[in-house]
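Raw contents of entry-v7.pdb, PDB, C-alpha atoms and all ligand atoms:
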```pdb
ATOM      1  CA  MET A 242     -38.942 -34.886-154.978  1.00  0.00           C
ATOM      2  CA  ALA A 243     -39.456 -33.266-151.565  1.00  0.00           C
ATOM      3  CA  LYS A 244     -36.100 -32.107-150.145  1.00  0.00           C
ATOM      4  CA  VAL A 245     -35.511 -31.934-146.408  1.00  0.00           C
ATOM      5  CA  LEU A 246     -32.526 -30.494-144.542  1.00  0.00           C
ATOM      6  CA  VAL A 247     -31.642 -31.644-141.028  1.00  0.00           C
ATOM      7  CA  LEU A 248     -29.507 -28.761-139.758  1.00  0.00           C
ATOM      8  CA  TYR A 249     -27.827 -29.197-136.390  1.00  0.00           C
ATOM      9  CA  TYR A 250     -25.265 -28.038-133.868  1.00  0.00           C
ATOM     10  CA  SER A 251     -23.802 -30.490-131.359  1.00  0.00           C
ATOM     11  CA  SER A 252     -20.906 -30.043-128.927  1.00  0.00           C
ATOM     12  CA  TYR A 253     -20.754 -33.612-127.604  1.00  0.00           C
ATOM     13  CA  GLY A 254     -22.552 -35.765-130.177  1.00  0.00           C
ATOM     14  CA  HIS A 255     -25.999 -36.268-128.642  1.00  0.00           C
ATOM     15  CA  ILE A 256     -27.743 -34.018-131.149  1.00  0.00           C
ATOM     16  CA  GLU A 257     -25.546 -35.454-133.897  1.00  0.00           C
ATOM     17  CA  SER A 258     -27.043 -38.906-133.107  1.00  0.00           C
ATOM     18  CA  MET A 259     -30.561 -37.489-132.959  1.00  0.00           C
ATOM     19  CA  ALA A 260     -29.977 -35.812-136.349  1.00  0.00           C
ATOM     20  CA  GLY A 261     -29.140 -39.211-137.851  1.00  0.00           C
ATOM     21  CA  ALA A 262     -32.376 -40.721-136.502  1.00  0.00           C
ATOM     22  CA  MET A 263     -34.363 -37.697-137.726  1.00  0.00           C
ATOM     23  CA  ALA A 264     -32.954 -38.242-141.234  1.00  0.00           C
ATOM     24  CA  GLU A 265     -33.879 -41.957-141.101  1.00  0.00           C
ATOM     25  CA  GLY A 266     -37.484 -40.962-140.444  1.00  0.00           C
ATOM     26  CA  VAL A 267     -37.496 -38.485-143.340  1.00  0.00           C
ATOM     27  CA  ARG A 268     -36.147 -41.195-145.666  1.00  0.00           C
ATOM     28  CA  ALA A 269     -38.779 -43.680-144.444  1.00  0.00           C
ATOM     29  CA  ALA A 270     -41.435 -41.180-145.554  1.00  0.00           C
ATOM     30  CA  GLY A 271     -39.971 -41.186-149.067  1.00  0.00           C
ATOM     31  CA  ALA A 272     -38.407 -37.707-149.095  1.00  0.00           C
ATOM     32  CA  THR A 273     -34.744 -36.953-149.780  1.00  0.00           C
ATOM     33  CA  VAL A 274     -32.689 -35.619-146.890  1.00  0.00           C
ATOM     34  CA  ASP A 275     -29.331 -33.933-146.261  1.00  0.00           C
ATOM     35  CA  ILE A 276     -27.731 -33.645-142.847  1.00  0.00           C
ATOM     36  CA  LYS A 277     -25.600 -30.538-142.361  1.00  0.00           C
ATOM     37  CA  ARG A 278     -24.225 -28.690-139.344  1.00  0.00           C
ATOM     38  CA  VAL A 279     -23.563 -25.061-138.572  1.00  0.00           C
ATOM     39  CA  PRO A 280     -20.010 -23.773-138.032  1.00  0.00           C
ATOM     40  CA  GLU A 281     -18.386 -23.995-134.603  1.00  0.00           C
ATOM     41  CA  THR A 282     -17.865 -20.456-133.335  1.00  0.00           C
ATOM     42  CA  ALA A 283     -16.115 -21.241-130.042  1.00  0.00           C
ATOM     43  CA  PRO A 284     -12.349 -20.646-130.246  1.00  0.00           C
ATOM     44  CA  GLU A 285     -10.459 -23.889-130.945  1.00  0.00           C
ATOM     45  CA  GLU A 286      -8.698 -23.873-127.570  1.00  0.00           C
ATOM     46  CA  VAL A 287     -12.044 -23.531-125.785  1.00  0.00           C
ATOM     47  CA  ALA A 288     -13.621 -26.326-127.860  1.00  0.00           C
ATOM     48  CA  LYS A 289     -10.633 -28.595-127.179  1.00  0.00           C
ATOM     49  CA  SER A 290     -10.423 -27.885-123.460  1.00  0.00           C
ATOM     50  CA  ALA A 291     -14.180 -28.476-123.119  1.00  0.00           C
ATOM     51  CA  HIS A 292     -13.720 -31.827-125.007  1.00  0.00           C
ATOM     52  CA  PHE A 293     -16.102 -30.930-127.822  1.00  0.00           C
ATOM     53  CA  LYS A 294     -16.588 -33.724-130.374  1.00  0.00           C
ATOM     54  CA  LEU A 295     -14.642 -32.213-133.247  1.00  0.00           C
ATOM     55  CA  ASP A 296     -14.723 -35.192-135.650  1.00  0.00           C
ATOM     56  CA  GLN A 297     -18.298 -34.794-136.911  1.00  0.00           C
ATOM     57  CA  SER A 298     -18.615 -35.824-140.554  1.00  0.00           C
ATOM     58  CA  ALA A 299     -21.674 -33.782-141.609  1.00  0.00           C
ATOM     59  CA  PRO A 300     -20.745 -30.966-144.018  1.00  0.00           C
ATOM     60  CA  ILE A 301     -20.998 -27.351-142.886  1.00  0.00           C
ATOM     61  CA  ALA A 302     -24.114 -25.611-144.201  1.00  0.00           C
ATOM     62  CA  LYS A 303     -24.150 -22.248-145.979  1.00  0.00           C
ATOM     63  CA  VAL A 304     -26.947 -19.825-145.105  1.00  0.00           C
ATOM     64  CA  GLU A 305     -28.054 -19.371-148.743  1.00  0.00           C
ATOM     65  CA  GLU A 306     -28.594 -23.158-149.044  1.00  0.00           C
ATOM     66  CA  LEU A 307     -31.617 -22.965-146.742  1.00  0.00           C
ATOM     67  CA  ALA A 308     -33.673 -21.690-149.684  1.00  0.00           C
ATOM     68  CA  ASP A 309     -32.964 -24.911-151.640  1.00  0.00           C
ATOM     69  CA  TYR A 310     -35.029 -27.112-149.300  1.00  0.00           C
ATOM     70  CA  ASP A 311     -38.776 -27.678-148.875  1.00  0.00           C
ATOM     71  CA  ALA A 312     -38.341 -28.422-145.157  1.00  0.00           C
ATOM     72  CA  ILE A 313     -35.720 -27.586-142.525  1.00  0.00           C
ATOM     73  CA  ILE A 314     -35.514 -29.442-139.205  1.00  0.00           C
ATOM     74  CA  ILE A 315     -33.246 -27.741-136.688  1.00  0.00           C
ATOM     75  CA  GLY A 316     -31.546 -29.546-133.812  1.00  0.00           C
ATOM     76  CA  ALA A 317     -29.468 -27.895-131.106  1.00  0.00           C
ATOM     77  CA  PRO A 318     -28.665 -28.607-127.447  1.00  0.00           C
ATOM     78  CA  THR A 319     -29.872 -26.346-124.646  1.00  0.00           C
ATOM     79  CA  ARG A 320     -27.670 -23.482-123.514  1.00  0.00           C
ATOM     80  CA  PHE A 321     -29.099 -21.840-120.391  1.00  0.00           C
ATOM     81  CA  GLY A 322     -32.623 -22.731-121.532  1.00  0.00           C
ATOM     82  CA  ARG A 323     -32.335 -21.515-125.119  1.00  0.00           C
ATOM     83  CA  MET A 324     -30.653 -22.401-128.394  1.00  0.00           C
ATOM     84  CA  PRO A 325     -26.828 -22.124-128.495  1.00  0.00           C
ATOM     85  CA  SER A 326     -25.101 -19.092-129.974  1.00  0.00           C
ATOM     86  CA  GLN A 327     -23.577 -21.261-132.714  1.00  0.00           C
ATOM     87  CA  MET A 328     -27.068 -21.951-134.138  1.00  0.00           C
ATOM     88  CA  ALA A 329     -28.388 -18.447-133.417  1.00  0.00           C
ATOM     89  CA  ALA A 330     -25.364 -16.886-135.157  1.00  0.00           C
ATOM     90  CA  PHE A 331     -26.091 -18.974-138.256  1.00  0.00           C
ATOM     91  CA  LEU A 332     -29.804 -18.131-138.310  1.00  0.00           C
ATOM     92  CA  ASP A 333     -29.052 -14.460-137.660  1.00  0.00           C
ATOM     93  CA  GLN A 334     -27.341 -14.398-141.059  1.00  0.00           C
ATOM     94  CA  ALA A 335     -30.615 -15.365-142.786  1.00  0.00           C
ATOM     95  CA  GLY A 336     -31.958 -11.794-142.808  1.00  0.00           C
ATOM     96  CA  GLY A 337     -31.636 -11.611-146.601  1.00  0.00           C
ATOM     97  CA  LEU A 338     -33.635 -14.837-147.038  1.00  0.00           C
ATOM     98  CA  TRP A 339     -36.263 -13.487-144.616  1.00  0.00           C
ATOM     99  CA  MET A 340     -36.422 -10.150-146.505  1.00  0.00           C
ATOM    100  CA  ARG A 341     -37.245 -11.826-149.784  1.00  0.00           C
ATOM    101  CA  GLY A 342     -39.595 -14.368-148.192  1.00  0.00           C
ATOM    102  CA  ALA A 343     -37.417 -17.196-149.429  1.00  0.00           C
ATOM    103  CA  LEU A 344     -38.418 -19.519-146.575  1.00  0.00           C
ATOM    104  CA  ASN A 345     -42.153 -18.693-146.525  1.00  0.00           C
ATOM    105  CA  GLY A 346     -44.390 -21.751-146.557  1.00  0.00           C
ATOM    106  CA  LYS A 347     -41.619 -24.285-145.980  1.00  0.00           C
ATOM    107  CA  VAL A 348     -42.041 -26.997-143.353  1.00  0.00           C
ATOM    108  CA  GLY A 349     -40.029 -26.754-140.122  1.00  0.00           C
ATOM    109  CA  GLY A 350     -39.344 -28.687-136.959  1.00  0.00           C
ATOM    110  CA  ALA A 351     -37.103 -28.549-133.890  1.00  0.00           C
ATOM    111  CA  PHE A 352     -35.313 -31.028-131.626  1.00  0.00           C
ATOM    112  CA  THR A 353     -33.066 -30.594-128.625  1.00  0.00           C
ATOM    113  CA  SER A 354     -31.049 -32.103-125.792  1.00  0.00           C
ATOM    114  CA  THR A 355     -30.509 -31.027-122.189  1.00  0.00           C
ATOM    115  CA  ALA A 356     -28.311 -32.236-119.365  1.00  0.00           C
ATOM    116  CA  THR A 357     -31.231 -32.571-116.949  1.00  0.00           C
ATOM    117  CA  GLN A 358     -34.865 -33.583-117.369  1.00  0.00           C
ATOM    118  CA  HIS A 359     -36.181 -30.123-116.582  1.00  0.00           C
ATOM    119  CA  GLY A 360     -33.210 -28.122-117.815  1.00  0.00           C
ATOM    120  CA  GLY A 361     -35.097 -26.172-120.471  1.00  0.00           C
ATOM    121  CA  GLN A 362     -36.124 -28.508-123.282  1.00  0.00           C
ATOM    122  CA  GLU A 363     -39.430 -26.840-124.101  1.00  0.00           C
ATOM    123  CA  ALA A 364     -38.013 -23.310-123.809  1.00  0.00           C
ATOM    124  CA  THR A 365     -35.187 -24.278-126.173  1.00  0.00           C
ATOM    125  CA  LEU A 366     -37.581 -25.867-128.662  1.00  0.00           C
ATOM    126  CA  PHE A 367     -39.679 -22.722-128.615  1.00  0.00           C
ATOM    127  CA  SER A 368     -36.619 -20.518-129.146  1.00  0.00           C
ATOM    128  CA  ILE A 369     -36.029 -22.489-132.363  1.00  0.00           C
ATOM    129  CA  ILE A 370     -39.719 -22.676-133.322  1.00  0.00           C
ATOM    130  CA  ALA A 371     -40.156 -18.899-132.829  1.00  0.00           C
ATOM    131  CA  ASN A 372     -37.293 -18.363-135.268  1.00  0.00           C
ATOM    132  CA  LEU A 373     -38.865 -20.723-137.819  1.00  0.00           C
ATOM    133  CA  LEU A 374     -42.240 -18.992-137.488  1.00  0.00           C
ATOM    134  CA  HIS A 375     -40.561 -15.657-138.217  1.00  0.00           C
ATOM    135  CA  PHE A 376     -39.218 -17.277-141.379  1.00  0.00           C
ATOM    136  CA  GLY A 377     -42.844 -18.057-142.336  1.00  0.00           C
ATOM    137  CA  MET A 378     -42.554 -21.798-141.846  1.00  0.00           C
ATOM    138  CA  THR A 379     -45.220 -24.356-140.911  1.00  0.00           C
ATOM    139  CA  ILE A 380     -44.199 -26.319-137.809  1.00  0.00           C
ATOM    140  CA  VAL A 381     -44.419 -30.079-137.342  1.00  0.00           C
ATOM    141  CA  GLY A 382     -43.817 -31.297-133.783  1.00  0.00           C
ATOM    142  CA  LEU A 383     -43.888 -34.717-132.122  1.00  0.00           C
ATOM    143  CA  PRO A 384     -47.556 -35.412-131.362  1.00  0.00           C
ATOM    144  CA  TYR A 385     -48.706 -38.201-129.045  1.00  0.00           C
ATOM    145  CA  SER A 386     -48.918 -40.461-132.072  1.00  0.00           C
ATOM    146  CA  TYR A 387     -45.417 -41.137-130.689  1.00  0.00           C
ATOM    147  CA  GLN A 388     -46.433 -42.999-127.552  1.00  0.00           C
ATOM    148  CA  GLY A 389     -42.818 -43.476-126.422  1.00  0.00           C
ATOM    149  CA  GLN A 390     -42.873 -40.022-124.854  1.00  0.00           C
ATOM    150  CA  MET A 391     -45.599 -41.228-122.438  1.00  0.00           C
ATOM    151  CA  SER A 392     -43.381 -43.770-120.703  1.00  0.00           C
ATOM    152  CA  LEU A 393     -42.787 -43.532-116.959  1.00  0.00           C
ATOM    153  CA  ASP A 394     -40.821 -46.781-116.841  1.00  0.00           C
ATOM    154  CA  GLU A 395     -37.528 -45.091-117.608  1.00  0.00           C
ATOM    155  CA  ILE A 396     -36.148 -41.608-118.201  1.00  0.00           C
ATOM    156  CA  VAL A 397     -37.303 -40.523-121.663  1.00  0.00           C
ATOM    157  CA  GLY A 398     -37.033 -37.471-123.835  1.00  0.00           C
ATOM    158  CA  GLY A 399     -39.737 -36.317-126.208  1.00  0.00           C
ATOM    159  CA  SER A 400     -42.305 -33.562-126.081  1.00  0.00           C
ATOM    160  CA  PRO A 401     -45.186 -32.554-128.345  1.00  0.00           C
ATOM    161  CA  TYR A 402     -43.041 -29.605-129.480  1.00  0.00           C
ATOM    162  CA  GLY A 403     -40.233 -31.775-130.788  1.00  0.00           C
ATOM    163  CA  ALA A 404     -38.008 -34.789-130.188  1.00  0.00           C
ATOM    164  CA  THR A 405     -35.547 -34.533-127.301  1.00  0.00           C
ATOM    165  CA  THR A 406     -32.950 -36.469-125.366  1.00  0.00           C
ATOM    166  CA  ILE A 407     -31.372 -36.088-121.932  1.00  0.00           C
ATOM    167  CA  ALA A 408     -27.577 -36.179-121.901  1.00  0.00           C
ATOM    168  CA  GLY A 409     -26.832 -36.157-118.151  1.00  0.00           C
ATOM    169  CA  GLY A 410     -24.637 -33.695-116.252  1.00  0.00           C
ATOM    170  CA  SER A 411     -21.423 -34.957-117.854  1.00  0.00           C
ATOM    171  CA  GLY A 412     -22.933 -36.184-121.127  1.00  0.00           C
ATOM    172  CA  GLN A 413     -22.849 -39.774-119.856  1.00  0.00           C
ATOM    173  CA  ARG A 414     -26.303 -40.743-121.154  1.00  0.00           C
ATOM    174  CA  GLN A 415     -26.604 -41.411-124.900  1.00  0.00           C
ATOM    175  CA  PRO A 416     -29.971 -41.018-126.668  1.00  0.00           C
ATOM    176  CA  SER A 417     -32.047 -44.102-125.792  1.00  0.00           C
ATOM    177  CA  GLU A 418     -34.035 -46.162-128.300  1.00  0.00           C
ATOM    178  CA  ILE A 419     -37.152 -44.270-127.204  1.00  0.00           C
ATOM    179  CA  ASP A 420     -35.441 -40.894-127.746  1.00  0.00           C
ATOM    180  CA  LEU A 421     -34.136 -41.943-131.166  1.00  0.00           C
ATOM    181  CA  GLY A 422     -37.568 -43.357-131.992  1.00  0.00           C
ATOM    182  CA  GLY A 423     -39.063 -39.931-131.266  1.00  0.00           C
ATOM    183  CA  ALA A 424     -36.623 -38.323-133.700  1.00  0.00           C
ATOM    184  CA  ARG A 425     -37.479 -40.960-136.349  1.00  0.00           C
ATOM    185  CA  HIS A 426     -41.190 -40.396-135.807  1.00  0.00           C
ATOM    186  CA  GLN A 427     -40.909 -36.606-136.112  1.00  0.00           C
ATOM    187  CA  GLY A 428     -38.673 -36.977-139.176  1.00  0.00           C
ATOM    188  CA  GLU A 429     -41.262 -39.219-140.810  1.00  0.00           C
ATOM    189  CA  LEU A 430     -44.050 -36.725-140.068  1.00  0.00           C
ATOM    190  CA  VAL A 431     -41.998 -33.879-141.514  1.00  0.00           C
ATOM    191  CA  GLY A 432     -41.265 -36.017-144.580  1.00  0.00           C
ATOM    192  CA  LYS A 433     -44.925 -36.945-145.096  1.00  0.00           C
ATOM    193  CA  THR A 434     -46.099 -33.345-144.609  1.00  0.00           C
ATOM    194  CA  THR A 435     -43.465 -32.050-147.019  1.00  0.00           C
ATOM    195  CA  ILE A 436     -44.453 -34.602-149.664  1.00  0.00           C
ATOM    196  CA  LYS A 437     -48.124 -33.598-149.279  1.00  0.00           C
ATOM    197  CA  LEU A 438     -47.250 -29.938-149.747  1.00  0.00           C
ATOM    198  CA  PHE A 439     -44.491 -30.164-152.335  1.00  0.00           C
ATOM    199  CA  GLY A 440     -44.861 -33.616-153.963  1.00  0.00           C
TER     200      GLY A 440
HETATM  201  C1  LIG B   1     -22.722 -23.285-121.604  1.00  0.00           C
HETATM  202  C2  LIG B   1     -23.641 -24.441-121.389  1.00  0.00           C
HETATM  203  C3  LIG B   1     -24.927 -24.201-120.925  1.00  0.00           C
HETATM  204  C4  LIG B   1     -25.811 -25.255-120.702  1.00  0.00           C
HETATM  205  N1  LIG B   1     -27.069 -24.992-120.234  1.00  0.00           N
HETATM  206  C5  LIG B   1     -27.888 -26.027-119.929  1.00  0.00           C
HETATM  207  C6  LIG B   1     -29.194 -25.788-119.408  1.00  0.00           C
HETATM  208  O1  LIG B   1     -29.651 -24.658-119.254  1.00  0.00           O
HETATM  209  N2  LIG B   1     -29.944 -26.864-119.074  1.00  0.00           N
HETATM  210  C7  LIG B   1     -29.505 -28.157-119.229  1.00  0.00           C
HETATM  211  O2  LIG B   1     -30.217 -29.094-118.885  1.00  0.00           O
HETATM  212  N3  LIG B   1     -28.302 -28.404-119.800  1.00  0.00           N
HETATM  213  C8  LIG B   1     -27.490 -27.383-120.151  1.00  0.00           C
HETATM  214  N4  LIG B   1     -26.268 -27.632-120.718  1.00  0.00           N
HETATM  215  C9  LIG B   1     -25.916 -29.012-121.102  1.00  0.00           C
HETATM  216  C10 LIG B   1     -26.113 -29.254-122.597  1.00  0.00           C
HETATM  217  O3  LIG B   1     -27.446 -29.002-122.978  1.00  0.00           O
HETATM  218  C11 LIG B   1     -25.666 -30.672-122.986  1.00  0.00           C
HETATM  219  O4  LIG B   1     -24.267 -30.709-122.911  1.00  0.00           O
HETATM  220  C12 LIG B   1     -26.171 -31.024-124.367  1.00  0.00           C
HETATM  221  O5  LIG B   1     -27.565 -31.253-124.320  1.00  0.00           O
HETATM  222  C13 LIG B   1     -25.523 -32.232-124.975  1.00  0.00           C
HETATM  223  O6  LIG B   1     -25.850 -32.257-126.359  1.00  0.00           O
HETATM  224  P1  LIG B   1     -24.688 -32.328-127.454  1.00  0.00           P
HETATM  225  O7  LIG B   1     -23.906 -33.576-127.124  1.00  0.00           O
HETATM  226  O8  LIG B   1     -25.380 -32.480-128.763  1.00  0.00           O
HETATM  227  O9  LIG B   1     -23.867 -31.089-127.383  1.00  0.00           O
HETATM  228  C14 LIG B   1     -25.400 -26.589-120.959  1.00  0.00           C
HETATM  229  C15 LIG B   1     -24.113 -26.814-121.477  1.00  0.00           C
HETATM  230  C16 LIG B   1     -23.240 -25.764-121.699  1.00  0.00           C
HETATM  231  C17 LIG B   1     -21.862 -26.058-122.243  1.00  0.00           C
END
```

Would you give me this structure, written as structure tokens?
Amino acid sequence: MAKVLVLYYSSYGHIESMAGAMAEGVRAAGATVDIKRVPETAPEEVAKSAHFKLDQSAPIAKVEELADYDAIIIGAPTRFGRMPSQMAAFLDQAGGLWMRGALNGKVGGAFTSTATQHGGQEATLFSIIANLLHFGMTIVGLPYSYQGQMSLDEIVGGSPYGATTIAGGSGQRQPSEIDLGGARHQGELVGKTTIKLFG
């Protein structure tokens, strides 16, 4: 059965919520899914003083485990318009997997969160997608089959490059139903594509 990993980093829980919705979509497609997170690398006193959400229940992933999945969907919030160092540090340890082509041909996807609407969502998604392309992966985004991203009636996340949400300057906005729907839709597309390729 097609195996999908939703791998995420989240300081304040927005991407954690999006990861849950992404996994729901994968399951709806009929694939199996694990949700794992990458290790926190900020010193504990920094994480505590910045009020990071430290009670996340997803298990911590090991780099070698990436090879066990048919698809890997990576979620991480924006840091200065690119992926955070916590996620980059994890992926930077995958050189051995890259060397032996262990991730070639797998399915990949990206999702993100910013504080502001134009705070770097697409640049962050591409920083993740570029990494996945180097791994040899085939990318599934969030096409306009997800019409929620077209709305002008309210603030919405979502882009053809991947599901997104907008957290607000102090993290006060939680992912809306439309944002979560985008994650579910992308998860379902990844699941369906993975099943087509890997059964
Ligand atoms: C060091 C740092 C840099 C950030 N850079 C940006 C940025 O460039 N653009 C932006 O819109 N938000 C930026 N943010 C806000 C985060 O993207 C926001 O807290 C995050 O999307 C919330 O997701 P999370 O709850 O999963 O951590 C930054 C936050 C931190 C701590």

For ligand LIG 1 (chain B), take all atoms listed in the file, fit an axis-aligned box around them, add 3 Å to each of the six sides, then output centre and edge lengths in Å rounded to one decimal, as lines of an AutoDock Vina configuration file.
```
center_x = -26.0
center_y = -28.4
center_z = -123.8
size_x = 14.4
size_y = 16.3
size_z = 15.9
```

Would you kindly identify which residues have an atom no farther than 6 Å from (-30.6, -23.1, -117.5), using only C-alpha atoms and the file's own coordinates, and write them out as an mmCIF file with C-alpha atoms, keeping the file's coordinate frame?
```
data_model
loop_
_atom_site.group_PDB
_atom_site.id
_atom_site.type_symbol
_atom_site.label_atom_id
_atom_site.label_comp_id
_atom_site.auth_asym_id
_atom_site.auth_seq_id
_atom_site.Cartn_x
_atom_site.Cartn_y
_atom_site.Cartn_z
ATOM 1 C CA PHE A 321 -29.099 -21.840 -120.391
ATOM 2 C CA GLY A 322 -32.623 -22.731 -121.532
ATOM 3 C CA GLY A 360 -33.210 -28.122 -117.815
#
```

Open item on the list: I want to know what sits within 6 Å of A:Ala408, based on only C-alpha atoms, with residues of the same chain fewer than 3 positions away left out; could you give that as a list in words?
Closed with: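 That gives Thr355, Ala356, Gly412 and Arg414 of chain A.
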
Per residue of chain A within 9 Å of ligand LIG 1 (chain B), record the nearest atom pair and its distance in Å to one decimal, counting all atoms listed in the file, with rows in chain order and ascending residue number, as a Markdown table.
```
| residue | atom | partner | partner_atom | distance |
| --- | --- | --- | --- | --- |
| A:Tyr249 | CA | B:LIG1 | O8 | 8.7 |
| A:Tyr250 | CA | B:LIG1 | O8 | 6.8 |
| A:Ser251 | CA | B:LIG1 | O8 | 3.6 |
| A:Ser252 | CA | B:LIG1 | O9 | 3.5 |
| A:Tyr253 | CA | B:LIG1 | O7 | 3.2 |
| A:Gly254 | CA | B:LIG1 | O7 | 4.0 |
| A:His255 | CA | B:LIG1 | O7 | 3.7 |
| A:Ile256 | CA | B:LIG1 | O8 | 3.7 |
| A:Glu257 | CA | B:LIG1 | O8 | 5.9 |
| A:Ser258 | CA | B:LIG1 | O8 | 7.9 |
| A:Met259 | CA | B:LIG1 | O8 | 8.3 |
| A:Ala291 | CA | B:LIG1 | C17 | 8.1 |
| A:Phe293 | CA | B:LIG1 | O9 | 7.8 |
| A:Lys294 | CA | B:LIG1 | O7 | 8.0 |
| A:Gly316 | CA | B:LIG1 | O8 | 8.5 |
| A:Ala317 | CA | B:LIG1 | O8 | 6.6 |
| A:Pro318 | CA | B:LIG1 | O5 | 4.2 |
| A:Thr319 | CA | B:LIG1 | O3 | 4.0 |
| A:Arg320 | CA | B:LIG1 | N1 | 3.7 |
| A:Phe321 | CA | B:LIG1 | O1 | 3.1 |
| A:Gly322 | CA | B:LIG1 | O1 | 4.2 |
| A:Arg323 | CA | B:LIG1 | O1 | 7.2 |
| A:Pro325 | CA | B:LIG1 | C3 | 8.1 |
| A:Thr353 | CA | B:LIG1 | O5 | 7.0 |
| A:Ser354 | CA | B:LIG1 | O5 | 3.9 |
| A:Thr355 | CA | B:LIG1 | O5 | 3.6 |
| A:Ala356 | CA | B:LIG1 | O2 | 3.7 |
| A:Thr357 | CA | B:LIG1 | O2 | 4.1 |
| A:Gln358 | CA | B:LIG1 | O2 | 6.6 |
| A:His359 | CA | B:LIG1 | O2 | 6.5 |
| A:Gly360 | CA | B:LIG1 | O2 | 3.3 |
| A:Gly361 | CA | B:LIG1 | N2 | 5.4 |
| A:Gln362 | CA | B:LIG1 | O2 | 7.4 |
| A:Thr365 | CA | B:LIG1 | O1 | 8.9 |
| A:Thr406 | CA | B:LIG1 | O5 | 7.6 |
| A:Ile407 | CA | B:LIG1 | O5 | 6.6 |
| A:Ala408 | CA | B:LIG1 | C13 | 5.4 |
| A:Gly409 | CA | B:LIG1 | C11 | 7.4 |
| A:Gly410 | CA | B:LIG1 | C9 | 6.9 |
| A:Ser411 | CA | B:LIG1 | O4 | 7.2 |
| A:Gly412 | CA | B:LIG1 | O4 | 5.9 |
| A:Gln415 | CA | B:LIG1 | O7 | 8.6 |
```

- [ ] Skip A:Leu332 itself and residues of its chain fewer than 3 positions away, then list as a VMD selection string all residues within 10 Å of it, counting all atoms listed in the file.
- [x] chain A and resid 279 304 307 326 to 329 335 to 336 369 372 to 373 376

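Across the model, the gap from atom CA of A:Ala299 to atom CA of A:Glu418 is 22.0 Å.
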
- [ ] Would you mind telling me which residue in A:Leu366, A:Ala308, A:Ile301, A:Val267 lies nearest to A:Ile436 when using all atoms listed in the file?
- [x]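 Closest residue, counting all atoms listed in the file: A:Val267.
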
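Picture a line from atom CA of A:Val287 to atom CA of A:Phe331; it runs 19.3 Å.
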
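Between A:Gly382 and the candidates A:Val245, A:Ala330, A:Ala283, A:Ile314, the tightest atom-to-atom separation, counting all atoms listed in the file, involves A:Ile314.
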
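Among A:Trp339, A:Leu374, A:Met242, A:Leu383, the residue with the shortest atom-to-atom distance to A:Tyr402, counting all atoms listed in the file, is A:Leu383.
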
Task: Output check: residues returned by the PyMOL selection byres (((chain A and resi 435) around 7) and not hetatm), as a ChimeraX atom specification - done: /A:243,311-312,348,431-434,436-439

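Comparing the minimum interatomic distances between A:Glu429 and each of A:Gln334, A:Ser386, A:Ser368, A:Ser290, counting all atoms listed in the file, we find that A:Ser386 sits nearest.
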
TODO: Using atom CA of A:Ala260 and atom CA of A:Glu281 as the two end points, give the distance in Å to one decimal.
DONE: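 Separating atom CA of A:Ala260 from atom CA of A:Glu281 is a distance of 16.6 Å.
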
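Distances to A:Thr379 were evaluated for A:Ala264, A:Val397, A:Leu344, A:Val247 using all atoms listed in the file, and the minimum falls at A:Leu344.
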
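Using only C-alpha atoms, the nearest neighbour of A:Lys277 within the list A:Leu421, A:Leu248, A:Ile396, A:Val381 is A:Leu248.
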
Since fewer atoms than expected are present, regenerate N, CA, C and O atoms for stretch 394-401 of chain A and write them as a tab-separated table (two decimals), in the frame of the given file.
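In the end it all went to rebuild01.tsv:
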```
chain	number	residue	atom	x	y	z
A	394	ASP	N	-41.61	-45.63	-117.28
A	394	ASP	CA	-40.82	-46.78	-116.84
A	394	ASP	C	-39.33	-46.47	-116.82
A	394	ASP	O	-38.55	-47.17	-116.19
A	395	GLU	N	-38.94	-45.48	-117.57
A	395	GLU	CA	-37.53	-45.09	-117.61
A	395	GLU	C	-37.48	-43.60	-117.93
A	395	GLU	O	-38.50	-43.00	-118.29
A	396	ILE	N	-36.30	-43.01	-117.80
A	396	ILE	CA	-36.15	-41.61	-118.20
A	396	ILE	C	-36.28	-41.54	-119.72
A	396	ILE	O	-35.60	-42.30	-120.42
A	397	VAL	N	-37.16	-40.67	-120.21
A	397	VAL	CA	-37.30	-40.52	-121.66
A	397	VAL	C	-37.33	-39.05	-122.04
A	397	VAL	O	-37.81	-38.20	-121.28
A	398	GLY	N	-36.85	-38.78	-123.24
A	398	GLY	CA	-37.03	-37.47	-123.84
A	398	GLY	C	-38.34	-37.47	-124.60
A	398	GLY	O	-39.13	-38.41	-124.52
A	399	GLY	N	-38.54	-36.41	-125.37
A	399	GLY	CA	-39.74	-36.32	-126.21
A	399	GLY	C	-40.73	-35.35	-125.63
A	399	GLY	O	-41.00	-35.36	-124.42
A	400	SER	N	-41.26	-34.50	-126.49
A	400	SER	CA	-42.30	-33.56	-126.08
A	400	SER	C	-43.13	-33.26	-127.32
A	400	SER	O	-42.63	-33.44	-128.44
A	401	PRO	N	-44.38	-32.83	-127.16
A	401	PRO	CA	-45.19	-32.55	-128.34
A	401	PRO	C	-44.59	-31.46	-129.24
A	401	PRO	O	-44.98	-31.32	-130.39
```
